[in-house]
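Here the structure comes first, spelled out in structure tokens, and everything after it is commentary.
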Amino acid sequence: MSGNGTTAGDDPLQTAVWRLRSRACWADAAALLRSGTPAAALQRTALLVERCLYTEAGWQDAEDALRAAEALAHTDEERGAAACERGYLAYSATLHGVRDRADEARSALGRAAALIPPGSPGRALLDFRRGLIAENLARSPQAARAAYRRAHAGATAHHDPLLLSFTWRHLAGLALREGELADARHGFAESLRIREELGYLVGTAPALVSLAETETEPEASRLREEARRLFRLLGGVPTWLAAHLTPPSPGAATA
């Protein structure tokens with residue numbers, strides 16, 4: 001989930017990994033990484049876990065990569081990062097109805113919180129994922145907002161624009177639910193702007209659809225059509241976006 005789309009010193013390997021990841025080619029990106037070091041094993045895991053969330057497939061590959069990362073982790077931060085990925089994988093499985101792993105998700109993220117020190121770059125990602133659980137599993141928007149705000153501050157401090165695109169998006173979603181249209185439009189627009197600047201194609205269609213929810217016609221339809229184009233270009237990924245992109249049937253009643 002984290003990563004800013006650029007690499008220090010223009011590392012050719014990381015640039016190639018980013019380009020594949022951003023175009024929904026997570027398995028290809030993971031194949032470029034040697035898993036013999038804790039950092040590479042954790043990055044492979046993150047890629048394959050993200051694939052599960054976006055495609056609802058590849059669960060066993062992600063689990064295998066996660067176990068390898070857990071075995072290689074030696075420091076508290078490495079163990080915490082692996083626990084954060086375990087929590088996210090369990091959350092994704094629960095969210096998509098593969099299996100109820102909500103307790104495992106909470107436990108793993110709690111373990112990560114005990115291992116990743118405050119102020120660490122990994123803490124912002126952890127806070128964001130705890131916000132996801134609060135919003136989508138515990139149905140506690142207040143707790144989710146607090147976690148997203150902590151993640152937003154951490155992503156700002158550590159210059160992680162991709163994570164910022166997610167915190168903007170989810171804070172905007174909460175604002176929209178509460179009828180705060182201007183705040184929601186601003187947050188969704190910021191999320192879309194960042195993703196377009198980074199070239200994060202796989203996350204651009206969802207950002208377009210979210211912004212469309214806050215716009216009037218004809219702009220809303222234009223945004224949805226652009227989202228449909230990207231969705232088709234990426235082979236129907238993310239899978240869960242399909243339900244938001246189906247045009248109404250001719251003559252269908254609308255409220």
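In the structure tokens, chains take the letters A, B, ... in the order shown, each chain's residues start at 1, and ligands count up from 1 in the order shown.
Near Glu50 in chain A, within 9 Å and counting only C-alpha atoms, sit Met1, Trp26, Thr45, Ala46, Tyr54, Thr55, Ala62, Tyr88, Leu89 and Ser92 of chain A, not including residues fewer than 4 positions from it in the same chain.
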Contacts of Glu190 in chain A within 8 Å, only C-alpha atoms, excl. fewer than 6 positions in-chain, as a PyMOL selection string: chain A and resi 165+168-169
All residues 12 Å or closer to Ala138 in chain A, only C-alpha atoms, same chain fewer than 5 positions away omitted, as number ranges by chain: A: 91, 94-95, 102-103, 105-106, 130-133, 143-144
Next, the residues of the selection above should be written as a CSV table (one decimal), in the first residue's frame with N, CA and C atoms.
```csv
chain,number,residue,atom,x,y,z
A,91,TYR,N,-7.4,-9.0,6.9
A,91,TYR,CA,-8.5,-8.0,6.7
A,91,TYR,C,-9.1,-8.1,5.3
A,94,THR,N,-11.3,-11.1,5.0
A,94,THR,CA,-12.6,-10.9,5.6
A,94,THR,C,-13.5,-9.9,4.8
A,95,LEU,N,-12.9,-8.9,4.3
A,95,LEU,CA,-13.6,-7.9,3.5
A,95,LEU,C,-14.2,-8.5,2.3
A,102,ALA,N,-11.3,-11.6,11.0
A,102,ALA,CA,-11.3,-10.3,11.6
A,102,ALA,C,-10.5,-10.3,12.9
A,103,ASP,N,-10.6,-11.4,13.7
A,103,ASP,CA,-9.9,-11.5,15.0
A,103,ASP,C,-8.4,-11.5,14.7
A,105,ALA,N,-6.9,-10.3,12.1
A,105,ALA,CA,-6.4,-9.0,11.6
A,105,ALA,C,-6.2,-8.1,12.7
A,106,ARG,N,-7.1,-8.0,13.7
A,106,ARG,CA,-6.9,-7.1,14.8
A,106,ARG,C,-5.7,-7.5,15.7
A,130,ARG,N,-5.2,0.2,10.5
A,130,ARG,CA,-6.1,0.1,11.7
A,130,ARG,C,-7.4,0.9,11.5
A,131,GLY,N,-7.3,2.0,10.7
A,131,GLY,CA,-8.4,2.8,10.3
A,131,GLY,C,-9.4,2.0,9.4
A,132,LEU,N,-8.8,1.2,8.5
A,132,LEU,CA,-9.6,0.3,7.6
A,132,LEU,C,-10.5,-0.6,8.4
A,133,ILE,N,-9.8,-1.3,9.4
A,133,ILE,CA,-10.6,-2.2,10.3
A,133,ILE,C,-11.6,-1.5,11.0
A,143,ALA,N,-13.5,6.2,15.3
A,143,ALA,CA,-12.2,5.6,15.4
A,143,ALA,C,-11.4,5.5,14.1
A,144,ALA,N,-12.1,5.3,13.0
A,144,ALA,CA,-11.5,5.3,11.7
A,144,ALA,C,-10.9,6.6,11.4
```
Backbone DSSP call of helix (DSSP H, G or I) for range 73-183 of chain A, listed as a ChimeraX atom specification: /A:76-95,102-115,121-136,141-157,161-177,181-183
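Among the candidates A:Asn136, A:Thr167, A:Gln43, A:Ser22, the one nearest to Val237 in chain A when counting only C-alpha atoms is A:Ser22.
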Excluding range 217-229 of chain A and any residue of its chain fewer than 2 positions from it, enumerate the residues within 8 Å of it, using only C-alpha atoms, and give them as a PDB file with N, CA, C and O atoms, in the first residue's frame.
```pdb
ATOM      1  N   THR A 204      -6.273   4.703  -9.958  1.00  0.00           N
ATOM      2  CA  THR A 204      -6.861   5.914 -10.528  1.00  0.00           C
ATOM      3  C   THR A 204      -8.347   5.765 -10.812  1.00  0.00           C
ATOM      4  O   THR A 204      -9.134   6.690 -10.557  1.00  0.00           O
ATOM      5  N   ALA A 205      -8.756   4.599 -11.315  1.00  0.00           N
ATOM      6  CA  ALA A 205     -10.190   4.408 -11.592  1.00  0.00           C
ATOM      7  C   ALA A 205     -11.038   4.537 -10.319  1.00  0.00           C
ATOM      8  O   ALA A 205     -12.068   5.232 -10.334  1.00  0.00           O
ATOM      9  N   PRO A 206     -10.661   3.902  -9.194  1.00  0.00           N
ATOM     10  CA  PRO A 206     -11.449   4.108  -7.972  1.00  0.00           C
ATOM     11  C   PRO A 206     -11.496   5.571  -7.541  1.00  0.00           C
ATOM     12  O   PRO A 206     -12.533   6.049  -7.062  1.00  0.00           O
ATOM     13  N   LEU A 208     -11.375   8.196  -9.528  1.00  0.00           N
ATOM     14  CA  LEU A 208     -12.294   8.874 -10.440  1.00  0.00           C
ATOM     15  C   LEU A 208     -13.750   8.634 -10.042  1.00  0.00           C
ATOM     16  O   LEU A 208     -14.568   9.560 -10.039  1.00  0.00           O
ATOM     17  N   VAL A 209     -14.067   7.381  -9.705  1.00  0.00           N
ATOM     18  CA  VAL A 209     -15.442   7.044  -9.318  1.00  0.00           C
ATOM     19  C   VAL A 209     -15.833   7.776  -8.042  1.00  0.00           C
ATOM     20  O   VAL A 209     -16.948   8.293  -7.915  1.00  0.00           O
ATOM     21  N   LEU A 211     -14.623  10.629  -6.849  1.00  0.00           N
ATOM     22  CA  LEU A 211     -14.813  12.053  -7.121  1.00  0.00           C
ATOM     23  C   LEU A 211     -16.130  12.291  -7.851  1.00  0.00           C
ATOM     24  O   LEU A 211     -16.817  13.287  -7.599  1.00  0.00           O
ATOM     25  N   ALA A 212     -16.509  11.368  -8.728  1.00  0.00           N
ATOM     26  CA  ALA A 212     -17.776  11.508  -9.456  1.00  0.00           C
ATOM     27  C   ALA A 212     -18.966  11.589  -8.507  1.00  0.00           C
ATOM     28  O   ALA A 212     -19.975  12.237  -8.824  1.00  0.00           O
ATOM     29  N   GLU A 213     -18.858  10.932  -7.351  1.00  0.00           N
ATOM     30  CA  GLU A 213     -19.957  10.954  -6.380  1.00  0.00           C
ATOM     31  C   GLU A 213     -20.218  12.351  -5.830  1.00  0.00           C
ATOM     32  O   GLU A 213     -21.295  12.614  -5.291  1.00  0.00           O
ATOM     33  N   THR A 214     -19.249  13.220  -5.956  1.00  0.00           N
ATOM     34  CA  THR A 214     -19.401  14.571  -5.400  1.00  0.00           C
ATOM     35  C   THR A 214     -19.655  15.622  -6.471  1.00  0.00           C
ATOM     36  O   THR A 214     -19.801  16.798  -6.156  1.00  0.00           O
ATOM     37  N   GLU A 215     -19.684  15.201  -7.740  1.00  0.00           N
ATOM     38  CA  GLU A 215     -19.836  16.153  -8.840  1.00  0.00           C
ATOM     39  C   GLU A 215     -21.238  16.102  -9.438  1.00  0.00           C
ATOM     40  O   GLU A 215     -21.970  15.130  -9.279  1.00  0.00           O
ATOM     41  N   PHE A 231     -10.516   0.864 -16.186  1.00  0.00           N
ATOM     42  CA  PHE A 231     -10.907  -0.443 -15.656  1.00  0.00           C
ATOM     43  C   PHE A 231     -10.776  -1.516 -16.740  1.00  0.00           C
ATOM     44  O   PHE A 231     -10.226  -2.599 -16.505  1.00  0.00           O
ATOM     45  N   ARG A 232     -11.253  -1.208 -17.941  1.00  0.00           N
ATOM     46  CA  ARG A 232     -11.122  -2.158 -19.053  1.00  0.00           C
ATOM     47  C   ARG A 232      -9.658  -2.336 -19.449  1.00  0.00           C
ATOM     48  O   ARG A 232      -9.207  -3.445 -19.753  1.00  0.00           O
ATOM     49  N   LEU A 233      -8.899  -1.242 -19.457  1.00  0.00           N
ATOM     50  CA  LEU A 233      -7.487  -1.286 -19.834  1.00  0.00           C
ATOM     51  C   LEU A 233      -6.699  -2.226 -18.927  1.00  0.00           C
ATOM     52  O   LEU A 233      -5.802  -2.946 -19.384  1.00  0.00           O
ATOM     53  N   LEU A 245     -19.387   0.679 -11.725  1.00  0.00           N
ATOM     54  CA  LEU A 245     -19.199   1.175 -13.083  1.00  0.00           C
ATOM     55  C   LEU A 245     -20.265   0.701 -14.055  1.00  0.00           C
ATOM     56  O   LEU A 245     -20.244   1.081 -15.217  1.00  0.00           O
TER      57      LEU A 245
END
```
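With only C-alpha atoms as the atoms that count, the minimum distance from Ser210 in chain A to the choices A:Gly235, A:Pro117, A:Gly173, A:Gly36 is reached by A:Gly173.
Closest approach to Ala41 in chain A among A:Arg67, A:Arg139, A:Arg177, A:Arg195: A:Arg67, based on only C-alpha atoms.
Ranking A:Ala27, A:Leu126, A:Leu201, A:Ala114 by their shortest atom-to-atom distance to Gly58 in chain A, with only C-alpha atoms included, puts A:Ala27 first.
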All residues 9 Å or closer to Ile194 in chain A, only C-alpha atoms, same chain fewer than 6 positions away omitted, as a ChimeraX atom specification: /A:161-162,164-165,200
Between CA of Leu42 in chain A and CA of Arg149 in chain A - distance in Å to one decimal: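 So the answer is 25.2 Å.
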Distance query Pro121 in chain A at most 8 Å, only C-alpha atoms, self and fewer than 5 positions along chain excluded, as a list in words: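 The residues that qualify are Gly154, Ala155 and His158 of chain A.
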Export N, CA and C atoms of the chosen residues as a PDB file, in the first residue's frame?
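What follows is the written file result34.pdb:
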```
ATOM      1  N   GLY A 154       1.504  11.106   9.531  1.00  0.00           N
ATOM      2  CA  GLY A 154       2.727  10.333   9.363  1.00  0.00           C
ATOM      3  C   GLY A 154       3.185  10.290   7.918  1.00  0.00           C
ATOM      4  N   ALA A 155       2.247  10.121   6.993  1.00  0.00           N
ATOM      5  CA  ALA A 155       2.599  10.089   5.569  1.00  0.00           C
ATOM      6  C   ALA A 155       3.152  11.435   5.117  1.00  0.00           C
ATOM      7  N   HIS A 158       6.755  11.778   6.484  1.00  0.00           N
ATOM      8  CA  HIS A 158       7.731  10.893   5.852  1.00  0.00           C
ATOM      9  C   HIS A 158       7.683  10.952   4.320  1.00  0.00           C
TER      10      HIS A 158
END
```
Between CA of Glu78 in chain A and CA of Phe166 in chain A - distance in Å to one decimal: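 Separating CA of Phe166 in chain A from CA of Glu78 in chain A is a distance of 23.0 Å.
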Atomic distance CA of Leu176 in chain A - CA of Arg193 in chain A, expressed in Å with one decimal: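 Interatomic distance, CA of Leu176 in chain A to CA of Arg193 in chain A: 18.4 Å.
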Nearest residue to Ala24 in chain A from the set A:His170, A:Ala73, A:Gly199, A:Thr246 (distances using only C-alpha atoms):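 The shortest atom-to-atom distance to Ala24 in chain A comes from A:Gly199.
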Nearest residue to Leu234 in chain A from the set A:Asp61, A:Asp160, A:Cys25, A:Ala153 (distances using only C-alpha atoms): A:Cys25
